[in-house]
Structure formats: structure tokens, C-alpha cells
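> Compact mmCIF, C-alpha atoms, saved as query.txt, coming up:
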```
# COMPACT_ATOMS: atom_id res chain seq x y z
CA MET D 1 60.55 16.61 -56.87
CA ARG D 2 59.74 19.57 -54.65
CA GLN D 3 60.76 21.88 -57.49
CA ALA D 4 58.30 20.12 -59.78
CA LEU D 5 55.54 20.53 -57.25
CA ILE D 6 56.21 24.25 -57.04
CA LEU D 7 56.11 24.66 -60.80
CA PHE D 8 52.92 22.63 -60.99
CA ALA D 9 51.31 24.80 -58.34
CA LEU D 10 51.76 28.02 -60.36
CA PRO D 11 50.14 30.38 -61.13
CA LEU D 12 49.62 31.20 -57.46
CA LEU D 13 48.50 34.81 -57.58
CA VAL D 14 44.77 34.29 -57.20
CA ALA D 15 43.03 33.31 -53.99
CA GLN D 16 41.26 29.95 -54.19
CA ALA D 17 39.46 29.73 -50.87
CA PRO D 18 37.43 32.15 -48.78
CA ALA D 19 39.55 33.82 -46.14
CA VAL D 20 38.61 34.29 -42.52
CA GLU D 21 40.17 36.33 -39.74
CA ALA D 22 42.11 34.31 -37.20
CA ALA D 23 44.80 35.64 -34.86
CA GLY D 24 45.08 38.68 -37.13
CA ILE D 25 46.28 36.63 -40.11
CA ARG D 26 43.85 35.90 -42.92
CA GLY D 27 43.29 32.33 -44.05
CA ASP D 28 41.33 29.21 -43.14
CA ALA D 29 41.81 27.67 -39.72
CA ALA D 30 44.22 24.95 -40.87
CA ALA D 31 46.50 27.39 -42.71
CA VAL D 32 46.58 29.89 -39.84
CA ALA D 33 47.37 27.05 -37.40
CA ALA D 34 50.23 25.92 -39.66
CA ALA D 35 51.60 29.48 -39.72
CA GLU D 36 51.40 29.68 -35.94
CA ARG D 37 53.25 26.36 -35.58
CA LEU D 38 55.92 27.56 -37.98
CA LEU D 39 56.40 30.79 -36.02
CA GLU D 40 56.64 28.90 -32.75
CA SER D 41 59.22 26.50 -34.20
CA VAL D 42 61.59 29.29 -35.22
CA GLY D 43 61.58 31.05 -31.86
CA GLY D 44 58.09 32.24 -31.07
CA ARG D 45 55.99 35.35 -31.26
CA GLN D 46 57.75 37.37 -28.58
CA ALA D 47 61.19 36.92 -30.14
CA TRP D 48 60.14 37.76 -33.68
CA ARG D 49 58.26 40.90 -32.68
CA ALA D 50 61.73 42.49 -32.38
CA ARG D 51 62.90 45.00 -34.94
CA ASN D 52 66.52 44.03 -35.48
CA PHE D 53 67.50 40.57 -36.71
CA THR D 54 71.26 40.06 -36.86
CA VAL D 55 72.70 36.76 -37.97
CA GLU D 56 76.20 35.42 -38.47
CA GLU D 57 76.72 32.65 -40.98
CA ARG D 58 79.23 30.91 -43.17
CA GLY D 59 78.56 31.07 -46.89
CA PHE D 60 80.06 28.51 -49.25
CA MET D 61 80.42 30.32 -52.54
CA ARG D 62 80.40 28.93 -56.06
CA SER D 63 83.98 30.24 -56.39
CA GLY D 64 85.05 27.80 -53.68
CA GLU D 65 85.71 30.51 -51.11
CA VAL D 66 84.10 30.46 -47.66
CA ALA D 67 82.61 33.81 -46.62
CA GLN D 68 82.09 34.95 -43.06
CA LEU D 69 78.83 36.89 -43.16
CA ARG D 70 77.28 39.26 -40.65
CA ILE D 71 73.85 40.42 -41.79
CA SER D 72 71.58 42.83 -39.93
CA ARG D 73 68.02 43.39 -41.05
CA ASP D 74 65.74 46.14 -39.81
CA LEU D 75 62.47 44.28 -40.05
CA GLN D 76 60.44 47.38 -39.30
CA ARG D 77 62.13 49.79 -41.70
CA GLY D 78 62.97 47.32 -44.45
CA ALA D 79 66.74 47.88 -44.43
CA ARG D 80 69.71 45.51 -44.50
CA ARG D 81 73.44 45.69 -43.80
CA ILE D 82 75.77 42.93 -45.04
CA GLU D 83 79.42 42.48 -44.12
CA ASN D 84 80.98 39.78 -46.29
CA VAL D 85 84.56 38.73 -45.50
CA THR D 86 86.45 36.14 -47.56
CA PRO D 87 90.16 35.26 -47.60
CA THR D 88 90.62 37.66 -50.54
CA SER D 89 88.17 40.51 -50.00
CA THR D 90 85.82 42.42 -47.71
CA THR D 91 82.53 43.76 -49.04
CA VAL D 92 79.97 45.89 -47.24
CA GLU D 93 76.48 46.43 -48.64
CA TRP D 94 73.71 48.73 -47.46
CA VAL D 95 70.10 48.66 -48.64
CA ALA D 96 67.37 50.98 -47.35
CA PRO D 97 64.30 52.70 -48.80
CA GLU D 98 66.33 55.92 -49.14
CA GLY D 99 69.08 54.28 -51.19
CA GLY D 100 71.75 51.62 -51.27
CA TRP D 101 75.46 51.15 -51.97
CA THR D 102 78.26 48.61 -52.03
CA MET D 103 81.82 49.11 -50.78
CA SER D 104 84.58 46.85 -52.07
CA LYS D 105 88.34 47.44 -52.26
CA GLY D 106 87.87 50.93 -50.84
CA ALA D 107 85.42 52.05 -53.54
CA VAL D 108 81.79 52.88 -52.79
CA THR D 109 79.35 52.20 -55.63
CA PRO D 110 75.77 53.54 -55.44
CA MET D 111 73.12 50.93 -56.12
CA PRO D 112 71.11 51.58 -59.31
CA ALA D 113 67.43 52.33 -58.76
CA THR D 114 66.22 49.14 -60.46
CA GLU D 115 68.55 46.97 -58.39
CA LEU D 116 67.58 48.78 -55.19
CA ALA D 117 63.87 48.25 -55.90
CA ALA D 118 64.46 44.54 -56.45
CA GLU D 119 66.46 44.23 -53.23
CA LEU D 120 63.80 46.06 -51.21
CA GLN D 121 61.08 43.82 -52.62
CA GLY D 122 63.24 40.81 -51.86
CA LEU D 123 63.54 41.89 -48.23
CA LYS D 124 59.75 41.89 -47.93
CA GLN D 125 59.65 38.30 -49.16
CA GLU D 126 62.38 36.81 -46.96
CA PRO D 127 61.27 34.38 -44.24
CA TYR D 128 62.52 36.72 -41.49
CA SER D 129 60.18 39.49 -42.64
CA ILE D 130 57.31 37.01 -42.74
CA TYR D 131 58.11 35.77 -39.22
CA HIS D 132 58.12 39.39 -38.01
CA ARG D 133 54.75 40.12 -39.62
CA LEU D 134 53.24 36.89 -38.31
CA ALA D 135 54.49 37.77 -34.83
CA ARG D 136 52.80 41.15 -35.09
CA ASN D 137 49.53 39.63 -36.34
CA ASP D 138 49.69 41.59 -39.58
CA GLU D 139 46.21 41.26 -41.02
CA ALA D 140 47.55 42.19 -44.48
CA LEU D 141 48.97 38.65 -44.68
CA ARG D 142 46.98 35.73 -45.99
CA VAL D 143 48.15 32.12 -45.69
CA GLU D 144 47.01 29.05 -47.60
CA LEU D 145 47.97 25.38 -47.49
CA ARG D 146 48.57 23.55 -50.77
CA GLU D 147 50.06 20.29 -52.05
CA GLN D 148 48.37 18.14 -49.40
CA ASN D 149 49.42 20.54 -46.63
CA SER D 150 53.11 20.33 -47.58
CA MET D 151 53.30 23.93 -48.82
CA LEU D 152 52.29 27.03 -46.87
CA MET D 153 51.75 29.92 -49.27
CA VAL D 154 51.99 33.49 -47.98
CA PHE D 155 50.22 36.35 -49.80
CA ASP D 156 50.27 40.09 -49.22
CA ARG D 157 47.16 42.27 -49.07
CA ASP D 158 47.12 42.69 -52.85
CA GLU D 159 47.23 38.87 -53.26
CA ARG D 160 50.81 39.00 -54.50
CA VAL D 161 52.78 35.89 -53.54
CA LEU D 162 55.41 36.80 -50.97
CA CYS D 163 56.89 33.34 -50.48
CA TRP D 164 56.15 29.73 -49.64
CA PHE D 165 57.39 27.36 -46.95
CA GLN D 166 57.81 23.61 -47.50
CA LEU D 167 56.62 21.59 -44.54
CA ASP D 168 57.13 17.99 -43.48
CA PRO D 169 54.14 15.81 -42.46
CA ARG D 170 54.32 17.23 -38.91
CA GLY D 171 54.42 20.82 -40.12
CA GLY D 172 58.17 21.26 -39.64
CA LEU D 173 60.17 23.57 -41.89
CA VAL D 174 62.15 21.88 -44.68
CA GLY D 175 62.37 24.60 -47.32
CA TRP D 176 61.48 28.10 -48.45
CA GLY D 177 61.14 29.83 -51.79
CA ASN D 178 59.89 32.92 -53.61
CA PHE D 179 60.02 34.64 -56.97
CA TYR D 180 63.08 36.83 -57.52
CA ASP D 181 64.14 38.54 -60.72
CA GLY D 182 61.53 36.62 -62.69
CA ARG D 183 62.69 33.21 -61.49
CA ILE D 184 61.92 30.74 -58.74
CA ASN D 185 64.35 31.24 -55.86
CA GLN D 186 64.20 27.98 -53.91
CA HIS D 187 66.16 26.90 -50.84
CA TYR D 188 66.12 23.64 -48.89
CA TYR D 189 66.92 23.45 -45.19
CA GLY D 190 68.43 21.11 -42.67
CA PRO D 191 66.93 20.61 -39.20
CA LEU D 192 66.33 23.62 -36.98
CA GLY D 193 68.86 24.40 -34.27
CA ASP D 194 69.12 26.87 -31.39
CA MET D 195 71.16 29.82 -32.72
CA GLY D 196 70.61 32.15 -29.77
CA ASP D 197 67.50 34.29 -29.98
CA ALA D 198 65.97 32.22 -32.79
CA ASN D 199 65.84 28.67 -34.08
CA LEU D 200 67.23 28.52 -37.60
CA PRO D 201 68.15 25.71 -40.01
CA LYS D 202 71.59 24.29 -39.31
CA TRP D 203 72.26 24.55 -43.02
CA GLY D 204 70.58 25.67 -46.21
CA ALA D 205 71.23 25.34 -49.93
CA ALA D 206 69.87 27.02 -53.05
CA SER D 207 68.28 24.52 -55.41
CA ASN D 208 70.41 25.78 -58.32
CA GLY D 209 73.64 25.14 -56.43
CA SER D 210 74.63 28.81 -56.40
CA PHE D 211 74.91 29.14 -52.63
CA ARG D 212 75.16 27.02 -49.49
CA PHE D 213 75.28 28.36 -45.96
CA GLU D 214 75.42 27.47 -42.27
CA TYR D 215 73.96 29.69 -39.58
CA VAL D 216 76.25 30.41 -36.63
CA SER D 217 74.29 32.75 -34.35
CA ALA D 218 71.20 34.95 -34.27
CA ARG D 219 70.16 37.98 -32.22
CA LEU D 220 66.79 39.73 -32.10
CA THR D 221 66.67 43.18 -30.51
CA ASP D 222 64.60 46.34 -30.71
CA GLU D 223 67.48 48.56 -31.87
CA PRO D 224 67.27 50.09 -35.36
CA VAL D 225 69.91 48.97 -37.83
CA ALA D 226 72.32 51.82 -38.57
CA GLU D 227 73.88 52.53 -41.92
CA PRO D 228 77.55 51.41 -41.84
CA SER D 229 80.47 53.75 -42.31
CA ARG D 230 81.53 54.35 -45.88
CA THR D 231 85.15 54.58 -44.78
CA PRO D 232 86.84 51.22 -45.47
CA PRO D 233 88.83 49.52 -42.72
CA ALA D 234 92.58 49.77 -42.99
CA GLY D 235 93.97 47.31 -45.48
CA ASN D 236 90.73 46.93 -47.48
```
Let me see whether you can do it: turn the structure in this file into C-alpha cells.


Amino acid sequence: MRQALILFALPLLVAQAPAVEAAGIRGDAAAVAAAERLLESVGGRQAWRARNFTVEERGFMRSGEVAQLRISRDLQRGARRIENVTPTSTTVEWVAPEGGWTMSKGAVTPMPATELAAELQGLKQEPYSIYHRLARNDEALRVELREQNSMLMVFDRDERVLCWFQLDPRGGLVGWGNFYDGRINQHYYGPLGDMGDANLPKWGAASNGSFRFEYVSARLTDEPVAEPSRTPPAGN
């Protein structure tokens, strides 16, 4: 049903209501207030002003394997480091504006330019990047409530849709989605839980069944995220 609502709400690229300045974020008073409540619910402004967001999670893959994931995002630079460990393999991925690569089974593969561009754009649309920009009162963002206040749309300065958040009747987070690779990329969330420096959903699932995950811990610091070593650990 939520998926149908999203499809019905498109196209979403054109502003429909006059925007006003409020707390640095553009949008009407109700939408800005909803964004502020969302930010507070996931840990608050002070926490999400940090540069480095590192999370550990369990990923339940379509293959049936369970992956232990450690993901660090440099919310200021727009870079990401992923360490993905399963019972059969270890994969390390690095994405940054200067380039990206993947290391698996001891081999390092440079990321093609088109794939890198898609990954970098995807980083800008993730909820963590949006929380960081909301926390820093980024006036390039515009927010808008739709679907009887159950959907908070987030637009960039050029009116491009960054993402949307599904909200319950009290404004609580129940889902998130964006456009990725020409398709709707929709996730639904369980209740928020204290994961350390942030409140994150206890579980999440992609609407197409491709991925399910559980957050384990979260840290927010001001340290930059460093590129990992390209030398594989012994035995990998």
C-alpha cells in the first residue's frame, strides 16, 4: 500500500507550495517541524552535526548468508568505507569523490566511473546524509509533507528529489526511500532503538526482498574517514 502511494505521488520533481525560511531549512512550517521532530527522534542535532558516522549491522542476504557489516561514512566529504564479512568471503569497498575500488579474494578492482558517480549520488540521498544536513541547517534543503502528512519529501537546491521518509500519525519514522538506478529504492523500518550515539531502526527491509538488516551499534565522531588499506588480511 505504501508502495502504491509513492508511485501515485510521482512525479515529485516540481515544488507545489511556496517555501519559507525556517531554522535554515526551506519549507512550510508544518514540514520543517516534521523534519525537526524526525532529526530529534534519531539522536538530535548535536549528534548528527558530526562528520563520521560508523555503524555495525547484520545483513541477511538473498543468498541466505548473514554478513557482518562495518560501514563508515564521511558525511562531510561524501565518502564511504564498507567491510563486509560472511562465512565464505571478506569484501572491502571504498567510495570517495576521487575514486573507488573493491577488494575481494585479494584482488583490488577499480570502480568504473559510471558506477562511482551513481554511488556518490546515492550517498547524498541516504538518510544519514539528510540527518547531517538537517543538523547543520543546510538552507539548500527543502522539505514538504504529502499524503496527508504521512510522507516527508526532501529536495535539494535544484528541486531534485533526494529521498522521502514515511511517517506514522505521530510523525515517527516507519520507512525511507529514494530513486536509485532509475528505480524506486524503498525500505521499511522497525521501531527505533538506542544504538549508541544515534537512534536507529532495530531492523529494516527492502521492499523488493533483496536485503534485510539489523543495526548493532552506531558512533558519531568528528574524525575523517580514512581510505582502507589495499593489502588484504592474511587468509583473504

> List every residue of range 29-83 of chain D that has an atom at most 8 Å from any atom of range 159-176 of chain D, and for each one report the closest atom pair and its distance in Å to one decimal, counting only C-alpha atoms, with rows sorted by chain and then by increasing residue number, as a tab-separated table.


```
residue	atom	partner	partner_atom	distance
D:Ala34	CA	D:Gly171	CA	6.6
D:Arg37	CA	D:Gly171	CA	7.3
D:Leu38	CA	D:Gly172	CA	6.9
D:Ser41	CA	D:Gly172	CA	7.6
```

> How many Å separate CA of Gly193 in chain D from CA of Pro127 in chain D?

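Answer for the CA of Gly193 in chain D to CA of Pro127 in chain D separation: 16.0 Å.
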
> Report, in Å with one decimal, the straight-line distance from CA of Gly100 in chain D to CA of Pro224 in chain D.

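So the answer is 16.6 Å.
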
> Just the residues within 12 Å of Gln46 in chain D, please, counting all atoms listed in the file, with nothing from its chain fewer than 6 positions along; format it as a ChimeraX atom specification.

/D:39-40,131-137,197-198,220-222

> If we count only C-alpha atoms and set the cut-off at 7 Å, which residues sit around Arg80 in chain D, ignoring sequence neighbours fewer than 4 positions away in its own chain? Please answer as a PyMOL selection string.

chain D and resi 72-74+94-96
